[in-house]
file data_18.txt (compact mmCIF, C-alpha atoms)
# COMPACT_ATOMS: atom_id res chain seq x y z
CA MET A 1 30.12 12.31 10.62
CA ASN A 2 32.43 10.36 12.91
CA GLN A 3 31.10 9.22 16.29
CA SER A 4 27.57 10.33 15.50
CA LYS A 5 24.38 8.40 15.03
CA ILE A 6 21.84 9.22 12.38
CA ILE A 7 18.36 7.79 11.99
CA GLY A 8 16.74 8.37 8.63
CA LEU A 9 12.96 8.37 9.02
CA ALA A 10 10.71 7.64 6.05
CA GLY A 11 6.97 7.20 6.03
CA THR A 12 3.81 7.52 4.06
CA ALA A 13 1.70 10.70 4.30
CA GLY A 14 -0.19 10.80 7.59
CA ALA A 15 1.60 7.74 9.03
CA GLY A 16 2.91 9.78 11.97
CA LYS A 17 6.44 10.71 10.91
CA ASP A 18 6.47 13.96 12.89
CA THR A 19 5.13 12.25 15.99
CA ALA A 20 7.63 9.40 15.62
CA ALA A 21 10.46 11.92 15.19
CA GLU A 22 9.39 13.74 18.39
CA LEU A 23 9.24 10.47 20.30
CA LEU A 24 12.67 9.37 19.00
CA CYS A 25 14.10 12.73 20.08
CA THR A 26 12.70 12.26 23.58
CA LEU A 27 13.52 8.57 23.93
CA PHE A 28 17.08 8.73 22.63
CA ASN A 29 18.13 12.36 23.21
CA MET A 30 18.27 13.18 19.50
CA GLN A 31 17.58 16.28 17.42
CA ASN A 32 15.29 16.25 14.39
CA LEU A 33 16.44 17.75 11.12
CA SER A 34 13.50 17.62 8.74
CA THR A 35 13.88 17.40 4.98
CA GLY A 36 10.32 18.70 4.92
CA ASP A 37 11.39 21.89 6.70
CA ALA A 38 14.19 22.38 4.18
CA LEU A 39 11.79 21.68 1.30
CA ARG A 40 9.16 24.08 2.67
CA ALA A 41 11.79 26.83 2.99
CA ILE A 42 12.98 26.29 -0.60
CA THR A 43 9.39 26.13 -1.88
CA ARG A 44 8.47 29.37 -0.08
CA TYR A 45 11.51 31.01 -1.68
CA LEU A 46 10.68 29.73 -5.18
CA TYR A 47 7.00 30.70 -5.01
CA ARG A 48 7.73 33.92 -3.10
CA LEU A 49 5.43 32.89 -0.30
CA ASP A 50 5.28 34.60 3.06
CA SER A 51 7.46 32.94 5.69
CA MET A 52 4.36 31.94 7.68
CA HIS A 53 2.64 30.36 4.67
CA ASN A 54 2.53 26.56 4.43
CA PRO A 55 3.03 25.53 0.78
CA ILE A 56 0.45 23.06 -0.48
CA ARG A 57 1.38 19.43 -1.14
CA ASP A 58 1.27 19.91 -4.94
CA GLN A 59 3.83 22.75 -4.75
CA LEU A 60 6.06 20.75 -2.45
CA PHE A 61 5.83 17.71 -4.72
CA GLU A 62 6.76 19.78 -7.79
CA VAL A 63 9.80 21.36 -6.11
CA ALA A 64 10.94 18.10 -4.49
CA THR A 65 10.62 16.22 -7.77
CA TYR A 66 12.73 18.84 -9.52
CA ILE A 67 15.40 18.80 -6.80
CA ARG A 68 15.54 15.00 -6.73
CA SER A 69 15.45 14.41 -10.49
CA GLU A 70 17.37 17.42 -11.83
CA ILE A 71 19.83 18.32 -9.06
CA ASP A 72 20.55 15.33 -6.82
CA ALA A 73 18.32 12.50 -5.58
CA ALA A 74 19.67 13.03 -2.05
CA ALA A 75 20.09 16.83 -2.02
CA LEU A 76 17.67 17.51 0.85
CA VAL A 77 19.16 14.80 3.05
CA LYS A 78 22.68 15.99 2.25
CA LEU A 79 21.66 19.48 3.39
CA CYS A 80 20.43 17.98 6.69
CA ILE A 81 23.69 16.04 7.10
CA LEU A 82 25.59 19.27 6.46
CA GLN A 83 23.42 21.02 9.05
CA ALA A 84 24.18 18.28 11.61
CA GLN A 85 27.90 18.74 10.94
CA ALA A 86 27.67 22.53 11.12
CA LEU A 87 25.80 22.34 14.43
CA GLN A 88 28.05 19.52 15.68
CA LEU A 89 25.10 17.30 16.51
CA ASN A 90 26.01 13.77 17.62
CA ARG A 91 22.58 12.14 17.49
CA THR A 92 20.19 13.24 14.78
CA ILE A 93 17.04 12.17 13.07
CA ILE A 94 16.67 13.15 9.45
CA SER A 95 12.96 12.89 8.86
CA GLY A 96 10.96 12.96 5.69
CA LEU A 97 13.05 10.72 3.42
CA ARG A 98 11.28 10.33 0.08
CA SER A 99 13.72 8.52 -2.22
CA VAL A 100 16.05 5.55 -2.08
CA GLY A 101 18.90 7.95 -2.90
CA GLU A 102 18.16 9.81 0.34
CA ALA A 103 18.14 6.57 2.33
CA GLU A 104 21.48 5.62 0.74
CA ALA A 105 22.95 9.00 1.77
CA VAL A 106 21.92 8.34 5.39
CA ARG A 107 23.49 4.89 5.29
CA GLN A 108 26.69 6.29 3.74
CA ALA A 109 26.86 8.70 6.69
CA GLY A 110 26.67 5.73 9.07
CA GLY A 111 22.95 5.88 9.80
CA ILE A 112 20.03 3.47 9.93
CA ILE A 113 16.61 3.71 8.30
CA VAL A 114 13.31 3.57 10.18
CA GLY A 115 10.18 3.20 8.07
CA ILE A 116 6.74 4.13 9.36
CA ASP A 117 3.44 3.22 7.76
CA ALA A 118 -0.25 2.97 8.58
CA ASP A 119 -3.43 1.89 6.87
CA ALA A 120 -4.38 4.34 4.08
CA HIS A 121 -7.79 5.13 5.58
CA ILE A 122 -6.26 5.87 8.98
CA ARG A 123 -3.68 8.12 7.33
CA TYR A 124 -6.38 9.98 5.39
CA ASP A 125 -8.42 10.52 8.56
CA ARG A 126 -5.33 11.89 10.33
CA MET A 127 -4.57 14.31 7.49
CA PHE A 128 -8.19 15.46 7.45
CA ALA A 129 -8.25 15.91 11.24
CA ARG A 130 -5.03 17.92 11.47
CA ALA A 131 -6.30 20.41 8.84
CA ARG A 132 -2.74 21.72 8.40
CA ASP A 133 -3.35 23.01 4.88
CA ALA A 134 -5.42 22.54 1.75
CA GLU A 135 -4.62 18.82 1.87
CA SER A 136 -7.37 18.34 4.41
CA GLN A 137 -9.90 19.34 1.75
CA LYS A 138 -9.02 16.50 -0.64
CA THR A 139 -11.34 13.56 -1.05
CA LEU A 140 -10.15 10.07 -0.15
CA ASP A 141 -9.76 9.23 -3.86
CA GLU A 142 -7.65 12.36 -4.46
CA PHE A 143 -5.52 11.55 -1.42
CA LEU A 144 -4.97 7.96 -2.59
CA ALA A 145 -4.02 9.07 -6.12
CA GLN A 146 -1.43 11.56 -4.80
CA ASP A 147 -0.24 8.98 -2.28
CA GLU A 148 0.40 6.42 -5.02
CA ILE A 149 2.57 8.88 -6.96
CA GLU A 150 4.60 9.90 -3.89
CA ASN A 151 5.07 6.35 -2.69
CA ARG A 152 6.30 5.19 -6.11
CA GLY A 153 8.82 8.02 -6.52
CA VAL A 154 10.22 9.67 -9.63
CA SER A 155 11.43 6.38 -11.17
CA ASP A 156 10.80 2.66 -10.93
CA SER A 157 14.48 1.84 -10.41
CA GLY A 158 17.62 3.35 -8.93
CA PRO A 159 17.86 6.20 -6.43
CA GLY A 160 14.60 7.82 -7.58
CA ARG A 161 12.44 5.02 -6.19
CA GLY A 162 10.11 6.37 -3.55
CA ILE A 163 8.81 5.95 -0.04
CA ARG A 164 7.48 2.43 -0.52
CA SER A 165 10.94 1.19 -1.58
CA ILE A 166 12.56 2.86 1.43
CA ILE A 167 10.04 1.28 3.79
CA ASP A 168 10.54 -2.13 2.17
CA GLY A 169 14.31 -1.89 2.77
CA ALA A 170 14.20 -0.21 6.21
CA ASP A 171 16.26 -1.50 9.13
CA VAL A 172 13.20 -1.01 11.36
CA LEU A 173 9.55 -1.04 10.28
CA ILE A 174 6.91 0.58 12.46
CA THR A 175 3.20 0.10 11.76
CA ASN A 176 1.36 3.01 13.35
CA ASN A 177 -2.31 2.04 13.29
CA ASP A 178 -2.79 2.36 17.05
CA ASP A 179 -2.40 4.99 19.76
CA LEU A 180 0.58 7.07 20.88
CA ASN A 181 1.55 4.65 23.67
CA ASN A 182 1.85 1.75 21.22
CA LEU A 183 3.93 3.90 18.87
CA ARG A 184 6.26 4.90 21.72
CA LEU A 185 6.68 1.28 22.84
CA GLU A 186 7.32 0.00 19.33
CA LEU A 187 9.94 2.71 18.66
CA LYS A 188 11.65 2.05 21.98
CA ASN A 189 11.77 -1.71 21.54
CA LYS A 190 12.80 -1.78 17.88
CA VAL A 191 15.22 1.18 17.65
CA ALA A 192 17.12 0.93 20.96
CA PRO A 193 19.03 -2.24 19.98
CA LEU A 194 20.41 -0.49 16.88
CA LEU A 195 21.81 2.57 18.67
call {"tool": "encode", "arguments": {"input": "data_18.txt", "output": "structure tokens"}}
result
Amino acid sequence: MNQSKIIGLAGTAGAGKDTAAELLCTLFNMQNLSTGDALRAITRYLYRLDSMHNPIRDQLFEVATYIRSEIDAAALVKLCILQAQALQLNRTIISGLRSVGEAEAVRQAGGIIVGIDADAHIRYDRMFARARDAESQKTLDEFLAQDEIENRGVSDSGPGRGIRSIIDGADVLITNNDDLNNLRLELKNKVAPLL
């Protein structure tokens, strides 16, 4: 993707990835291509779900794990990179990175990695409040158990390492424990110098 800029955005569940992606789009005139959107579309297809149905986190995790471990660790990100090329987008955010292999694919395409995190209790409260799907019905202990699995990834080494490894190696780290204004300011101050 010559003469384009890509930001790969990775974050823990409920850390504010979607909000950060929206802010980055506004601040830096970018377009968001979500691996989560691609994964939800594939999961709906596999489970024969209605197009308006939001797959539950367990279904998404099962499909994503299969794609990343059996097909290609960076398949979803590579689809987003292909979409950016097909649409001739010059400035894109690829949000929802879940494995080191995906982060490496962004870097190979000339991009940078932004990691976003927040305190686990804050993230749980956000997920509960947004009531997007059945996830909002999980207890804190159930949320933390699922969170641990997702953050670790499908392997302890190599491209299958998960969200925590991406965040640890990110070019920019954002801690989103505060309000929207603080998030906007932190994104603006930390990302602008890298674009």
call {"tool": "atom_distance", "arguments": {"input": "data_18.txt", "atom1": "atom CA of A:Thr175", "atom2": "atom CA of A:Arg40"}}
result
26.3 Å
call {"tool": "closest_residue", "arguments": {"input": "data_18.txt", "among": "A:Lys78, A:Arg152, A:Arg126, A:Lys188", "to": "A:Ala13", "atoms": "all atoms listed in the file"}}
result
A:Arg126
call {"tool": "atom_distance", "arguments": {"input": "data_18.txt", "atom1": "atom CA of A:Arg57", "atom2": "atom CA of A:Gln146"}}
result
9.1 Å
call {"tool": "residues_around", "arguments": {"input": "data_18.txt", "residues": "stretch 23-26 of chain A", "least_positions_apart": "6", "cutoff": "12 Å", "atoms": "all atoms listed in the file", "output": "list in words"}}
result
Ile6, Ile7, Gly8, Leu9, Gly16, Lys17, Asn32, Leu33, Arg91, Thr92, Ile93, Ile94, Ser95, Val114, Leu180, Asn181, Asn182, Leu183, Arg184, Leu185, Glu186, Leu187, Lys188, Asn189, Lys190, Val191, Ala192 and Leu195 of chain A
call {"tool": "write_last_selection", "arguments": {"input": "data_18.txt", "atoms": "C-alpha atoms", "output": "short mmCIF file (atom, residue, chain, number, x, y, z; two decimals), in the frame of the given file"}}
result
data_model
loop_
_atom_site.label_atom_id
_atom_site.label_comp_id
_atom_site.auth_asym_id
_atom_site.auth_seq_id
_atom_site.Cartn_x
_atom_site.Cartn_y
_atom_site.Cartn_z
CA ILE A 6 21.84 9.22 12.38
CA ILE A 7 18.36 7.79 11.99
CA GLY A 8 16.74 8.37 8.63
CA LEU A 9 12.96 8.37 9.02
CA GLY A 16 2.91 9.78 11.97
CA LYS A 17 6.44 10.71 10.91
CA ASN A 32 15.29 16.25 14.39
CA LEU A 33 16.44 17.75 11.12
CA ARG A 91 22.58 12.14 17.49
CA THR A 92 20.19 13.24 14.78
CA ILE A 93 17.04 12.17 13.07
CA ILE A 94 16.67 13.15 9.45
CA SER A 95 12.96 12.89 8.86
CA VAL A 114 13.31 3.57 10.18
CA LEU A 180 0.58 7.07 20.88
CA ASN A 181 1.55 4.65 23.67
CA ASN A 182 1.85 1.75 21.22
CA LEU A 183 3.93 3.90 18.87
CA ARG A 184 6.26 4.90 21.72
CA LEU A 185 6.68 1.28 22.84
CA GLU A 186 7.32 0.00 19.33
CA LEU A 187 9.94 2.71 18.66
CA LYS A 188 11.65 2.05 21.98
CA ASN A 189 11.77 -1.71 21.54
CA LYS A 190 12.80 -1.78 17.88
CA VAL A 191 15.22 1.18 17.65
CA ALA A 192 17.12 0.93 20.96
CA LEU A 195 21.81 2.57 18.67
#
call {"tool": "atom_distance", "arguments": {"input": "data_18.txt", "atom1": "atom CA of A:Arg48", "atom2": "atom CA of A:Thr35"}}
result
19.4 Å
call {"tool": "closest_residue", "arguments": {"input": "data_18.txt", "among": "A:Leu82, A:Ala120, A:Asp168, A:Gly96", "to": "A:Ala21", "atoms": "all atoms listed in the file"}}
result
A:Gly96
call {"tool": "decode", "arguments": {"input": "data_18.txt", "residues": "stretch 94-113 of chain A", "atoms": "N, CA and C atoms", "output": "mmCIF file, in the first residue's frame"}}
result
data_model
loop_
_atom_site.group_PDB
_atom_site.id
_atom_site.type_symbol
_atom_site.label_atom_id
_atom_site.label_comp_id
_atom_site.auth_asym_id
_atom_site.auth_seq_id
_atom_site.Cartn_x
_atom_site.Cartn_y
_atom_site.Cartn_z
ATOM 1 N N ILE A 94 -7.188 -0.107 11.016
ATOM 2 C CA ILE A 94 -7.657 -1.492 11.046
ATOM 3 C C ILE A 94 -7.808 -1.817 12.524
ATOM 4 N N SER A 95 -9.046 -1.858 12.955
ATOM 5 C CA SER A 95 -9.308 -2.028 14.386
ATOM 6 C C SER A 95 -9.646 -3.471 14.712
ATOM 7 N N GLY A 96 -9.384 -3.813 15.955
ATOM 8 C CA GLY A 96 -9.732 -5.136 16.445
ATOM 9 C C GLY A 96 -8.639 -6.171 16.290
ATOM 10 N N LEU A 97 -7.368 -5.760 16.237
ATOM 11 C CA LEU A 97 -6.282 -6.727 16.151
ATOM 12 C C LEU A 97 -6.285 -7.616 17.391
ATOM 13 N N ARG A 98 -6.103 -8.903 17.182
ATOM 14 C CA ARG A 98 -6.167 -9.868 18.289
ATOM 15 C C ARG A 98 -4.933 -10.744 18.416
ATOM 16 N N SER A 99 -4.060 -10.746 17.404
ATOM 17 C CA SER A 99 -2.871 -11.597 17.477
ATOM 18 C C SER A 99 -1.650 -10.839 16.997
ATOM 19 N N VAL A 100 -0.492 -11.271 17.464
ATOM 20 C CA VAL A 100 0.767 -10.662 17.047
ATOM 21 C C VAL A 100 0.932 -10.784 15.531
ATOM 22 N N GLY A 101 0.471 -11.876 14.951
ATOM 23 C CA GLY A 101 0.535 -12.042 13.504
ATOM 24 C C GLY A 101 -0.216 -10.940 12.776
ATOM 25 N N GLU A 102 -1.339 -10.507 13.329
ATOM 26 C CA GLU A 102 -2.101 -9.411 12.726
ATOM 27 C C GLU A 102 -1.327 -8.092 12.834
ATOM 28 N N ALA A 103 -0.724 -7.860 13.995
ATOM 29 C CA ALA A 103 0.077 -6.647 14.172
ATOM 30 C C ALA A 103 1.258 -6.641 13.199
ATOM 31 N N GLU A 104 1.887 -7.792 13.005
ATOM 32 C CA GLU A 104 3.006 -7.895 12.065
ATOM 33 C C GLU A 104 2.550 -7.599 10.639
ATOM 34 N N ALA A 105 1.345 -8.032 10.267
ATOM 35 C CA ALA A 105 0.818 -7.760 8.929
ATOM 36 C C ALA A 105 0.613 -6.254 8.719
ATOM 37 N N VAL A 106 0.149 -5.565 9.753
ATOM 38 C CA VAL A 106 -0.015 -4.111 9.670
ATOM 39 C C VAL A 106 1.347 -3.453 9.486
ATOM 40 N N ARG A 107 2.317 -3.880 10.265
ATOM 41 C CA ARG A 107 3.661 -3.293 10.156
ATOM 42 C C ARG A 107 4.271 -3.579 8.783
ATOM 43 N N GLN A 108 4.061 -4.778 8.259
ATOM 44 C CA GLN A 108 4.589 -5.119 6.932
ATOM 45 C C GLN A 108 3.955 -4.257 5.847
ATOM 46 N N ALA A 109 2.741 -3.779 6.096
ATOM 47 C CA ALA A 109 2.060 -2.897 5.144
ATOM 48 C C ALA A 109 2.420 -1.428 5.387
ATOM 49 N N GLY A 110 3.377 -1.186 6.290
ATOM 50 C CA GLY A 110 3.841 0.172 6.549
ATOM 51 C C GLY A 110 3.123 0.893 7.669
ATOM 52 N N GLY A 111 2.354 0.168 8.471
ATOM 53 C CA GLY A 111 1.555 0.803 9.510
ATOM 54 C C GLY A 111 2.200 0.813 10.879
ATOM 55 N N ILE A 112 1.507 1.465 11.806
ATOM 56 C CA ILE A 112 1.908 1.516 13.208
ATOM 57 C C ILE A 112 0.820 0.848 14.051
ATOM 58 N N ILE A 113 1.175 0.504 15.277
ATOM 59 C CA ILE A 113 0.240 -0.157 16.184
ATOM 60 C C ILE A 113 -0.078 0.761 17.359
#
